[in-house]
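upload_10.pdb, holding PDB, C-alpha atoms:
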ATOM      1  CA  SER A   1     183.283  68.039  -1.112  1.00  0.00           C
ATOM      2  CA  SER A   2     183.705  65.335   1.512  1.00  0.00           C
ATOM      3  CA  PRO A   3     187.123  64.717   3.144  1.00  0.00           C
ATOM      4  CA  ARG A   4     187.312  61.342   1.420  1.00  0.00           C
ATOM      5  CA  ARG A   5     186.815  62.871  -2.022  1.00  0.00           C
ATOM      6  CA  SER A   6     189.256  65.715  -1.385  1.00  0.00           C
ATOM      7  CA  LEU A   7     191.945  63.210  -0.367  1.00  0.00           C
ATOM      8  CA  VAL A   8     191.279  60.899  -3.302  1.00  0.00           C
ATOM      9  CA  GLY A   9     191.119  63.653  -5.902  1.00  0.00           C
ATOM     10  CA  GLU A  10     189.420  63.658  -9.295  1.00  0.00           C
ATOM     11  CA  ARG A  11     191.718  61.078 -10.873  1.00  0.00           C
ATOM     12  CA  GLY A  12     191.507  58.825  -7.831  1.00  0.00           C
ATOM     13  CA  THR A  13     187.717  59.018  -7.914  1.00  0.00           C
ATOM     14  CA  ARG A  14     187.645  57.926 -11.558  1.00  0.00           C
ATOM     15  CA  VAL A  15     189.933  54.989 -10.777  1.00  0.00           C
ATOM     16  CA  SER A  16     187.839  54.000  -7.742  1.00  0.00           C
ATOM     17  CA  ASN A  17     184.658  54.137  -9.808  1.00  0.00           C
ATOM     18  CA  ARG A  18     186.214  52.020 -12.559  1.00  0.00           C
ATOM     19  CA  ILE A  19     187.268  49.381 -10.032  1.00  0.00           C
ATOM     20  CA  ALA A  20     183.869  49.491  -8.338  1.00  0.00           C
ATOM     21  CA  ILE A  21     182.083  49.004 -11.659  1.00  0.00           C
ATOM     22  CA  ALA A  22     184.340  46.075 -12.558  1.00  0.00           C
ATOM     23  CA  PHE A  23     183.577  44.487  -9.190  1.00  0.00           C
ATOM     24  CA  ALA A  24     179.843  45.050  -9.617  1.00  0.00           C
ATOM     25  CA  ARG A  25     179.886  43.583 -13.142  1.00  0.00           C
ATOM     26  CA  GLN A  26     181.439  40.415 -11.763  1.00  0.00           C
ATOM     27  CA  ALA A  27     178.859  40.270  -8.954  1.00  0.00           C
ATOM     28  CA  ALA A  28     176.032  40.569 -11.476  1.00  0.00           C
ATOM     29  CA  ARG A  29     177.374  37.682 -13.527  1.00  0.00           C
ATOM     30  CA  SER A  30     178.311  35.392 -10.638  1.00  0.00           C
ATOM     31  CA  ALA A  31     174.840  34.851  -9.140  1.00  0.00           C
ATOM     32  CA  PRO A  32     171.245  36.017  -9.687  1.00  0.00           C
ATOM     33  CA  HIS A  33     171.258  38.007  -6.448  1.00  0.00           C
ATOM     34  CA  GLY A  34     174.931  39.064  -6.572  1.00  0.00           C
ATOM     35  CA  LEU A  35     174.480  42.795  -6.998  1.00  0.00           C
ATOM     36  CA  CYS A  36     171.822  43.065  -4.287  1.00  0.00           C
ATOM     37  CA  THR A  37     173.844  40.980  -1.843  1.00  0.00           C
ATOM     38  CA  VAL A  38     176.781  43.333  -2.349  1.00  0.00           C
ATOM     39  CA  CYS A  39     174.505  46.345  -1.704  1.00  0.00           C
ATOM     40  CA  VAL A  40     173.301  44.885   1.611  1.00  0.00           C
ATOM     41  CA  GLU A  41     176.855  44.181   2.744  1.00  0.00           C
ATOM     42  CA  ILE A  42     178.284  47.542   1.708  1.00  0.00           C
ATOM     43  CA  LEU A  43     175.444  49.661   3.060  1.00  0.00           C
ATOM     44  CA  ASN A  44     174.684  47.550   6.145  1.00  0.00           C
ATOM     45  CA  VAL A  45     170.930  47.433   5.490  1.00  0.00           C
ATOM     46  CA  THR A  46     168.350  44.674   5.960  1.00  0.00           C
ATOM     47  CA  GLY A  47     167.565  44.172   2.286  1.00  0.00           C
ATOM     48  CA  ALA A  48     167.927  45.591  -1.218  1.00  0.00           C
ATOM     49  CA  GLY A  49     166.314  45.347  -4.623  1.00  0.00           C
ATOM     50  CA  ILE A  50     167.306  46.702  -8.037  1.00  0.00           C
ATOM     51  CA  THR A  51     164.672  47.336 -10.694  1.00  0.00           C
ATOM     52  CA  ILE A  52     165.075  48.412 -14.308  1.00  0.00           C
ATOM     53  CA  MET A  53     162.296  50.867 -15.179  1.00  0.00           C
ATOM     54  CA  GLY A  54     160.881  51.808 -18.570  1.00  0.00           C
ATOM     55  CA  GLY A  55     161.272  50.115 -21.924  1.00  0.00           C
ATOM     56  CA  ASP A  56     160.309  46.645 -23.073  1.00  0.00           C
ATOM     57  CA  HIS A  57     162.604  44.855 -20.629  1.00  0.00           C
ATOM     58  CA  ALA A  58     161.584  46.548 -17.391  1.00  0.00           C
ATOM     59  CA  GLY A  59     161.382  44.687 -14.098  1.00  0.00           C
ATOM     60  CA  PRO A  60     163.331  43.770 -10.945  1.00  0.00           C
ATOM     61  CA  ILE A  61     166.731  42.295 -11.826  1.00  0.00           C
ATOM     62  CA  CYS A  62     167.773  41.180  -8.345  1.00  0.00           C
ATOM     63  CA  VAL A  63     166.667  41.009  -4.716  1.00  0.00           C
ATOM     64  CA  SER A  64     168.573  40.162  -1.564  1.00  0.00           C
ATOM     65  CA  ASP A  65     165.989  37.776  -0.111  1.00  0.00           C
ATOM     66  CA  PRO A  66     162.453  36.385  -0.695  1.00  0.00           C
ATOM     67  CA  GLY A  67     160.807  38.999   1.549  1.00  0.00           C
ATOM     68  CA  VAL A  68     162.263  41.822  -0.515  1.00  0.00           C
ATOM     69  CA  ALA A  69     161.234  39.968  -3.681  1.00  0.00           C
ATOM     70  CA  VAL A  70     157.565  40.236  -2.714  1.00  0.00           C
ATOM     71  CA  LEU A  71     157.882  43.961  -2.009  1.00  0.00           C
ATOM     72  CA  GLU A  72     159.746  44.625  -5.269  1.00  0.00           C
ATOM     73  CA  ASP A  73     157.220  42.559  -7.233  1.00  0.00           C
ATOM     74  CA  LEU A  74     154.356  44.489  -5.653  1.00  0.00           C
ATOM     75  CA  GLN A  75     155.809  47.908  -6.471  1.00  0.00           C
ATOM     76  CA  TYR A  76     156.500  46.971 -10.064  1.00  0.00           C
ATOM     77  CA  THR A  77     153.191  45.170 -10.626  1.00  0.00           C
ATOM     78  CA  ILE A  78     150.780  47.735  -9.154  1.00  0.00           C
ATOM     79  CA  GLY A  79     152.867  50.828  -9.893  1.00  0.00           C
ATOM     80  CA  GLN A  80     152.853  52.032  -6.290  1.00  0.00           C
ATOM     81  CA  GLY A  81     155.694  52.590  -3.833  1.00  0.00           C
ATOM     82  CA  PRO A  82     158.925  54.486  -3.142  1.00  0.00           C
ATOM     83  CA  CYS A  83     160.611  52.781  -6.119  1.00  0.00           C
ATOM     84  CA  ARG A  84     158.071  54.185  -8.583  1.00  0.00           C
ATOM     85  CA  ASP A  85     158.207  57.655  -7.053  1.00  0.00           C
ATOM     86  CA  ALA A  86     162.020  57.753  -7.153  1.00  0.00           C
ATOM     87  CA  PHE A  87     162.023  56.787 -10.811  1.00  0.00           C
ATOM     88  CA  HIS A  88     159.389  59.315 -11.867  1.00  0.00           C
ATOM     89  CA  THR A  89     160.908  62.222  -9.899  1.00  0.00           C
ATOM     90  CA  GLY A  90     164.552  61.327 -10.532  1.00  0.00           C
ATOM     91  CA  ARG A  91     165.258  62.021  -6.848  1.00  0.00           C
ATOM     92  CA  PRO A  92     165.779  59.799  -3.786  1.00  0.00           C
ATOM     93  CA  VAL A  93     162.611  58.963  -1.862  1.00  0.00           C
ATOM     94  CA  HIS A  94     162.993  58.305   1.859  1.00  0.00           C
ATOM     95  CA  ALA A  95     160.344  56.739   4.089  1.00  0.00           C
ATOM     96  CA  PRO A  96     162.099  56.421   7.471  1.00  0.00           C
ATOM     97  CA  ARG A  97     158.751  55.525   9.045  1.00  0.00           C
ATOM     98  CA  LEU A  98     155.904  53.656   7.414  1.00  0.00           C
ATOM     99  CA  ASP A  99     153.338  55.768   9.233  1.00  0.00           C
ATOM    100  CA  ALA A 100     149.964  57.196   8.251  1.00  0.00           C
ATOM    101  CA  ALA A 101     151.588  59.648   5.825  1.00  0.00           C
ATOM    102  CA  ALA A 102     153.392  56.818   4.030  1.00  0.00           C
ATOM    103  CA  TRP A 103     150.208  54.734   4.004  1.00  0.00           C
ATOM    104  CA  GLY A 104     148.378  57.633   2.381  1.00  0.00           C
ATOM    105  CA  ARG A 105     150.868  57.569  -0.515  1.00  0.00           C
ATOM    106  CA  TRP A 106     151.310  53.788  -0.915  1.00  0.00           C
ATOM    107  CA  PRO A 107     148.617  51.886   1.041  1.00  0.00           C
ATOM    108  CA  SER A 108     149.136  48.432  -0.481  1.00  0.00           C
ATOM    109  CA  PHE A 109     152.927  48.696  -0.269  1.00  0.00           C
ATOM    110  CA  VAL A 110     152.935  49.903   3.347  1.00  0.00           C
ATOM    111  CA  GLU A 111     150.565  47.153   4.462  1.00  0.00           C
ATOM    112  CA  LEU A 112     152.753  44.470   2.905  1.00  0.00           C
ATOM    113  CA  ALA A 113     155.950  46.061   4.250  1.00  0.00           C
ATOM    114  CA  ARG A 114     154.523  46.097   7.767  1.00  0.00           C
ATOM    115  CA  THR A 115     153.537  42.452   7.417  1.00  0.00           C
ATOM    116  CA  SER A 116     157.116  41.732   6.338  1.00  0.00           C
ATOM    117  CA  GLU A 117     158.388  43.565   9.460  1.00  0.00           C
ATOM    118  CA  ILE A 118     160.015  46.344   7.442  1.00  0.00           C
ATOM    119  CA  GLY A 119     160.139  49.678   9.241  1.00  0.00           C
ATOM    120  CA  ALA A 120     161.837  51.985   6.725  1.00  0.00           C
ATOM    121  CA  VAL A 121     162.414  52.148   2.962  1.00  0.00           C
ATOM    122  CA  PHE A 122     164.765  54.266   0.849  1.00  0.00           C
ATOM    123  CA  ALA A 123     164.733  54.417  -2.961  1.00  0.00           C
ATOM    124  CA  TYR A 124     167.534  55.837  -5.132  1.00  0.00           C
ATOM    125  CA  PRO A 125     167.137  56.419  -8.886  1.00  0.00           C
ATOM    126  CA  LEU A 126     169.888  54.953 -11.065  1.00  0.00           C
ATOM    127  CA  VAL A 127     170.861  57.990 -13.115  1.00  0.00           C
ATOM    128  CA  THR A 128     173.895  58.388 -15.360  1.00  0.00           C
ATOM    129  CA  ASN A 129     174.638  60.905 -18.094  1.00  0.00           C
ATOM    130  CA  GLY A 130     171.121  62.265 -17.781  1.00  0.00           C
ATOM    131  CA  ALA A 131     169.500  58.839 -18.269  1.00  0.00           C
ATOM    132  CA  ASN A 132     167.288  57.419 -15.519  1.00  0.00           C
ATOM    133  CA  ILE A 133     167.381  53.652 -15.984  1.00  0.00           C
ATOM    134  CA  GLY A 134     166.059  52.201 -12.757  1.00  0.00           C
ATOM    135  CA  VAL A 135     165.993  52.268  -8.971  1.00  0.00           C
ATOM    136  CA  LEU A 136     167.932  50.856  -6.029  1.00  0.00           C
ATOM    137  CA  THR A 137     165.566  50.296  -3.095  1.00  0.00           C
ATOM    138  CA  LEU A 138     166.885  49.705   0.418  1.00  0.00           C
ATOM    139  CA  TYR A 139     164.932  48.148   3.287  1.00  0.00           C
ATOM    140  CA  GLN A 140     165.484  48.418   7.047  1.00  0.00           C
ATOM    141  CA  ARG A 141     163.705  46.542   9.825  1.00  0.00           C
ATOM    142  CA  GLU A 142     164.229  49.416  12.244  1.00  0.00           C
ATOM    143  CA  GLU A 143     162.487  52.745  11.809  1.00  0.00           C
ATOM    144  CA  GLY A 144     164.618  55.834  11.297  1.00  0.00           C
ATOM    145  CA  GLU A 145     166.724  57.680   8.768  1.00  0.00           C
ATOM    146  CA  LEU A 146     169.944  56.262   7.340  1.00  0.00           C
ATOM    147  CA  THR A 147     173.207  57.339   8.962  1.00  0.00           C
ATOM    148  CA  ASP A 148     175.321  60.026   7.307  1.00  0.00           C
ATOM    149  CA  THR A 149     177.700  57.348   6.053  1.00  0.00           C
ATOM    150  CA  GLN A 150     174.849  55.256   4.667  1.00  0.00           C
ATOM    151  CA  LEU A 151     173.354  58.303   2.951  1.00  0.00           C
ATOM    152  CA  GLU A 152     176.625  59.161   1.204  1.00  0.00           C
ATOM    153  CA  ASP A 153     177.414  55.557   0.302  1.00  0.00           C
ATOM    154  CA  SER A 154     173.892  54.896  -1.003  1.00  0.00           C
ATOM    155  CA  ALA A 155     174.051  57.832  -3.386  1.00  0.00           C
ATOM    156  CA  GLU A 156     177.499  56.817  -4.630  1.00  0.00           C
ATOM    157  CA  LEU A 157     176.514  53.164  -4.984  1.00  0.00           C
ATOM    158  CA  ALA A 158     173.460  54.151  -7.040  1.00  0.00           C
ATOM    159  CA  GLU A 159     175.801  55.939  -9.461  1.00  0.00           C
ATOM    160  CA  VAL A 160     178.056  52.888  -9.701  1.00  0.00           C
ATOM    161  CA  LEU A 161     175.069  50.588 -10.305  1.00  0.00           C
ATOM    162  CA  ALA A 162     173.752  52.815 -13.080  1.00  0.00           C
ATOM    163  CA  GLU A 163     177.134  52.728 -14.805  1.00  0.00           C
ATOM    164  CA  THR A 164     177.364  48.976 -14.226  1.00  0.00           C
ATOM    165  CA  VAL A 165     174.018  48.236 -15.872  1.00  0.00           C
ATOM    166  CA  LEU A 166     174.898  50.380 -18.871  1.00  0.00           C
ATOM    167  CA  SER A 167     178.370  48.843 -19.057  1.00  0.00           C
ATOM    168  CA  LEU A 168     176.908  45.328 -19.104  1.00  0.00           C
ATOM    169  CA  GLN A 169     174.282  46.313 -21.636  1.00  0.00           C
ATOM    170  CA  GLU A 170     176.828  47.774 -24.059  1.00  0.00           C
ATOM    171  CA  GLU A 171     178.108  44.257 -24.686  1.00  0.00           C
ATOM    172  CA  ALA A 172     174.683  42.797 -25.470  1.00  0.00           C
ATOM    173  CA  PRO A 173     173.316  42.424 -29.016  1.00  0.00           C
ATOM    174  CA  THR A 174     170.847  45.102 -30.128  1.00  0.00           C
ATOM    175  CA  GLY A 175     167.348  44.412 -28.856  1.00  0.00           C
ATOM    176  CA  SER A 176     168.444  41.978 -26.118  1.00  0.00           C
ATOM    177  CA  LEU A 177     169.551  42.205 -22.518  1.00  0.00           C
ATOM    178  CA  ALA A 178     173.007  41.480 -21.166  1.00  0.00           C
ATOM    179  CA  ALA A 179     173.991  38.370 -19.256  1.00  0.00           C
ATOM    180  CA  GLY A 180     173.315  38.970 -15.573  1.00  0.00           C
ATOM    181  CA  ILE A 181     170.183  40.988 -16.397  1.00  0.00           C
ATOM    182  CA  ASP A 182     168.292  38.973 -19.010  1.00  0.00           C
ATOM    183  CA  ASP A 183     167.649  35.842 -16.943  1.00  0.00           C
ATOM    184  CA  SER A 184     166.198  37.816 -14.047  1.00  0.00           C
ATOM    185  CA  ILE A 185     163.862  39.827 -16.280  1.00  0.00           C
ATOM    186  CA  GLN A 186     162.578  36.746 -18.085  1.00  0.00           C
ATOM    187  CA  TYR A 187     162.109  34.902 -14.804  1.00  0.00           C
ATOM    188  CA  ARG A 188     160.052  37.711 -13.292  1.00  0.00           C
ATOM    189  CA  ALA A 189     158.068  38.382 -16.444  1.00  0.00           C
ATOM    190  CA  GLU A 190     156.527  34.923 -16.171  1.00  0.00           C
ATOM    191  CA  ILE A 191     155.732  35.510 -12.506  1.00  0.00           C
ATOM    192  CA  TYR A 192     153.956  38.781 -13.384  1.00  0.00           C
ATOM    193  CA  GLN A 193     151.976  37.001 -16.087  1.00  0.00           C
ATOM    194  CA  ALA A 194     150.985  34.228 -13.691  1.00  0.00           C
ATOM    195  CA  ALA A 195     149.968  36.785 -11.056  1.00  0.00           C
ATOM    196  CA  GLY A 196     147.818  38.623 -13.583  1.00  0.00           C
ATOM    197  CA  MET A 197     146.097  35.411 -14.653  1.00  0.00           C
ATOM    198  CA  THR A 198     145.471  34.366 -11.045  1.00  0.00           C
ATOM    199  CA  SER A 199     144.173  37.832 -10.206  1.00  0.00           C
ATOM    200  CA  ILE A 200     141.556  37.581 -12.960  1.00  0.00           C
ATOM    201  CA  GLN A 201     140.625  33.972 -12.208  1.00  0.00           C
ATOM    202  CA  LEU A 202     140.076  34.560  -8.480  1.00  0.00           C
ATOM    203  CA  SER A 203     138.935  38.208  -8.650  1.00  0.00           C
ATOM    204  CA  ILE A 204     141.635  39.306  -6.227  1.00  0.00           C
ATOM    205  CA  PRO A 205     144.271  42.084  -6.363  1.00  0.00           C
ATOM    206  CA  VAL A 206     147.504  41.280  -8.185  1.00  0.00           C
ATOM    207  CA  ALA A 207     149.461  41.796  -4.954  1.00  0.00           C
ATOM    208  CA  GLU A 208     147.428  39.068  -3.249  1.00  0.00           C
ATOM    209  CA  ALA A 209     147.857  36.816  -6.276  1.00  0.00           C
ATOM    210  CA  LEU A 210     151.638  37.173  -5.992  1.00  0.00           C
ATOM    211  CA  LEU A 211     151.495  36.202  -2.339  1.00  0.00           C
ATOM    212  CA  ARG A 212     149.330  33.154  -3.119  1.00  0.00           C
ATOM    213  CA  ILE A 213     151.739  31.983  -5.805  1.00  0.00           C
ATOM    214  CA  ARG A 214     154.665  32.243  -3.396  1.00  0.00           C
ATOM    215  CA  ALA A 215     152.691  30.547  -0.603  1.00  0.00           C
ATOM    216  CA  HIS A 216     151.720  27.671  -2.915  1.00  0.00           C
ATOM    217  CA  ALA A 217     155.351  27.251  -3.968  1.00  0.00           C
ATOM    218  CA  PHE A 218     156.516  27.171  -0.343  1.00  0.00           C
ATOM    219  CA  ALA A 219     153.801  24.734   0.760  1.00  0.00           C
ATOM    220  CA  ASN A 220     154.571  22.326  -2.087  1.00  0.00           C
ATOM    221  CA  ASP A 221     158.370  22.652  -1.975  1.00  0.00           C
ATOM    222  CA  GLN A 222     158.470  24.143  -5.470  1.00  0.00           C
ATOM    223  CA  ALA A 223     160.324  27.093  -6.948  1.00  0.00           C
ATOM    224  CA  VAL A 224     158.172  30.177  -7.530  1.00  0.00           C
ATOM    225  CA  ALA A 225     159.219  30.158 -11.195  1.00  0.00           C
ATOM    226  CA  GLU A 226     158.023  26.550 -11.519  1.00  0.00           C
ATOM    227  CA  VAL A 227     154.588  27.391 -10.111  1.00  0.00           C
ATOM    228  CA  ALA A 228     154.346  30.458 -12.355  1.00  0.00           C
ATOM    229  CA  ALA A 229     155.231  28.391 -15.432  1.00  0.00           C
ATOM    230  CA  LEU A 230     152.475  25.869 -14.605  1.00  0.00           C
ATOM    231  CA  ILE A 231     149.913  28.651 -14.203  1.00  0.00           C
ATOM    232  CA  VAL A 232     150.891  30.306 -17.481  1.00  0.00           C
ATOM    233  CA  ALA A 233     150.663  26.910 -19.237  1.00  0.00           C
ATOM    234  CA  HIS A 234     147.150  26.436 -17.770  1.00  0.00           C
ATOM    235  CA  GLU A 235     148.335  23.324 -15.929  1.00  0.00           C
ATOM    236  CA  LEU A 236     147.689  24.760 -12.488  1.00  0.00           C
ATOM    237  CA  HIS A 237     144.819  26.845 -11.098  1.00  0.00           C
ATOM    238  CA  LEU A 238     145.193  28.065  -7.535  1.00  0.00           C
ATOM    239  CA  PRO A 239     142.131  27.416  -5.371  1.00  0.00           C
ATOM    240  CA  ASN A 240     139.679  30.162  -4.496  1.00  0.00           C
ATOM    241  CA  ASP A 241     140.024  30.172  -0.719  1.00  0.00           C
ATOM    242  CA  GLN A 242     137.081  32.518  -0.290  1.00  0.00           C
ATOM    243  CA  ALA A 243     134.776  30.249  -2.282  1.00  0.00           C
ATOM    244  CA  GLU A 244     135.917  27.200  -0.340  1.00  0.00           C
ATOM    245  CA  ARG A 245     134.991  28.864   2.954  1.00  0.00           C
ATOM    246  CA  TRP A 246     131.405  29.263   1.816  1.00  0.00           C
ATOM    247  CA  GLU A 247     130.945  25.708   0.526  1.00  0.00           C
TER
END
Reformat the file's structure so that it appears as structure tokens.
Amino acid sequence: SSPRRSLVGERGTRVSNRIAIAFARQAARSAPHGLCTVCVEILNVTGAGITIMGGDHAGPICVSDPGVAVLEDLQYTIGQGPCRDAFHTGRPVHAPRLDAAAWGRWPSFVELARTSEIGAVFAYPLVTNGANIGVLTLYQREEGELTDTQLEDSAELAEVLAETVLSLQEEAPTGSLAAGIDDSIQYRAEIYQAAGMTSIQLSIPVAEALLRIRAHAFANDQAVAEVAALIVAHELHLPNDQAERWE
């Protein structure tokens, strides 16, 4: 065991975990991006995203910034990326360099990550009591592996997050999601639906549709959720840029 754990002891570890979970629960309730902001600060990484996987309420529940939001949306929507692999294998997936080998595994994800100036990605499954409930994904601008301290802290934080999500969910009515999780899932579900509709309408990949929705929102000083709601309600149709070029 590590020196820190040997000094703390088993009882001390339980107390530390209980305090950490209480802190994380408060972060989840205080702001939509609270948990992910805490992850970035604790682990000293560029960005972070947390996604619930499996079940009827799956989807990203928080991101640290808009750039990470696009990458998390892409992984969840197209089913490709370190996040998906970590969930399916139940083991951490490290991509310290988004090189040709990484591109061979996740071409769409790597292309978008490079465009977003991300150089390394690390995904940790959220596993507790044998249940794999989601993934914590970390993003770094610089290439290279995490430090020894970051590696240890990332694994421990993933355990705390798994317990936190389950702890929050225990208080929710059967068949619904807890406060701090529900709003984020509902918000992103509409974005996924809008991306799917745009993808079909314009005959483009869903990943590109997501980017167009976000670009339209930025250009028109609107929230992404507002644009998505208009698309789902058939009150907005994004233009076909390719068709316009040929007119």
Would you mind listing what lies within 12 Å of A:Thr115 as a compact mmCIF listing (two decimals) with C-alpha atoms, keeping the file's coordinate frame, with all atoms listed in the file counted and same-chain residues fewer than 5 positions away left out?
# COMPACT_ATOMS: atom_id res chain seq x y z
CA GLY A 67 160.81 39.00 1.55
CA VAL A 68 162.26 41.82 -0.52
CA VAL A 70 157.56 40.24 -2.71
CA LEU A 71 157.88 43.96 -2.01
CA LEU A 98 155.90 53.66 7.41
CA SER A 108 149.14 48.43 -0.48
CA PHE A 109 152.93 48.70 -0.27
CA VAL A 110 152.94 49.90 3.35
CA ARG A 141 163.71 46.54 9.82
CA LEU A 211 151.50 36.20 -2.34
Practice task
Can you work out which one of A:Ala113, A:Ile78, A:Leu161, A:Ile133 has the shortest atom-to-atom distance to A:Gly196, counting all atoms listed in the file?
Solution key: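 The closest residue to A:Gly196 is A:Ile78.
Of note, atom CA of A:Ala162 and atom CA of A:Arg105 are spaced 26.5 Å apart.
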Taking a cut-off of 6 Å and counting all atoms listed in the file, can you build a table that, for each residue of stretch 63-174 of chain A near stretch 36-50 of chain A, reports the nearest atom pair and how far apart they are in Å (one decimal), sorted by chain then residue number, as CSV?
residue,atom,partner,partner_atom,distance
A:Val63,CA,A:Gly49,CA,4.4
A:Ser64,CA,A:Cys36,CA,5.1
A:Val135,CA,A:Ile50,CA,5.8
A:Leu136,CA,A:Ile50,CA,4.7
A:Thr137,CA,A:Gly49,CA,5.2
A:Leu138,CA,A:Ala48,CA,4.5
A:Tyr139,CA,A:Gly47,CA,4.9
A:Gln140,CA,A:Thr46,CA,4.8
A:Gln150,CA,A:Leu43,CA,5.9
Problem - Separation of atom CA of A:His237 from atom CA of A:Gly81, in Å and rounded to one decimal - result: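 Computed distance, atom CA of A:His237 to atom CA of A:Gly81, equals 28.9 Å.
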Practice task
Name the residues that the PyMOL selection byres ((chain A and resi 121) around 8) picks from the file above, as a list of chain:residue names, using the file's chain letters and numbers.
Solution key: A:Pro82, A:His94, A:Ala95, A:Pro96, A:Arg97, A:Ile118, A:Gly119, A:Ala120, A:Phe122, A:Ala123, A:Thr137, A:Leu138, A:Tyr139, A:Gln140
Just write the chosen residues, C-alpha atoms, as a tab-separated table (two decimals), in the coordinates of the input.
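Below is the file that was written, out-v3.tsv:
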chain	number	residue	atom	x	y	z
A	82	PRO	CA	158.93	54.49	-3.14
A	94	HIS	CA	162.99	58.30	1.86
A	95	ALA	CA	160.34	56.74	4.09
A	96	PRO	CA	162.10	56.42	7.47
A	97	ARG	CA	158.75	55.52	9.04
A	118	ILE	CA	160.01	46.34	7.44
A	119	GLY	CA	160.14	49.68	9.24
A	120	ALA	CA	161.84	51.98	6.72
A	122	PHE	CA	164.76	54.27	0.85
A	123	ALA	CA	164.73	54.42	-2.96
A	137	THR	CA	165.57	50.30	-3.10
A	138	LEU	CA	166.88	49.70	0.42
A	139	TYR	CA	164.93	48.15	3.29
A	140	GLN	CA	165.48	48.42	7.05
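From atom CA of A:Thr128 back to atom CA of A:Glu72, the distance works out to 22.2 Å.
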Handout entry: Shortest interatomic distance to A:Ala209 - which of A:Cys62, A:Met53, A:Ile231, A:Leu151, counting only C-alpha atoms
Key =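 Answer, going by the shortest atom-to-atom distance: A:Ile231.
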How would you write as a PDB file with C-alpha atoms, keeping the file's coordinate frame the residues that get within 10 Å of (152.1, 61.0, -3.1) in the file's frame, counting all atoms listed in the file?
ATOM      1  CA  GLN A  80     152.853  52.032  -6.290  1.00  0.00           C
ATOM      2  CA  GLY A  81     155.694  52.590  -3.833  1.00  0.00           C
ATOM      3  CA  PRO A  82     158.925  54.486  -3.142  1.00  0.00           C
ATOM      4  CA  ASP A  85     158.207  57.655  -7.053  1.00  0.00           C
ATOM      5  CA  ALA A 101     151.588  59.648   5.825  1.00  0.00           C
ATOM      6  CA  ALA A 102     153.392  56.818   4.030  1.00  0.00           C
ATOM      7  CA  TRP A 103     150.208  54.734   4.004  1.00  0.00           C
ATOM      8  CA  GLY A 104     148.378  57.633   2.381  1.00  0.00           C
ATOM      9  CA  ARG A 105     150.868  57.569  -0.515  1.00  0.00           C
ATOM     10  CA  TRP A 106     151.310  53.788  -0.915  1.00  0.00           C
TER      11      TRP A 106
END
Might I get the box with edges along x, y and z of the file that holds all atoms of stretch 93-108 of chain A listed there, padded by 5 Å on every side, given as centre and edge lengths in Å to one decimal, as JSON?
{"center_x": 155.7, "center_y": 54.0, "center_z": 3.7, "size_x": 24.6, "size_y": 21.2, "size_z": 21.1}
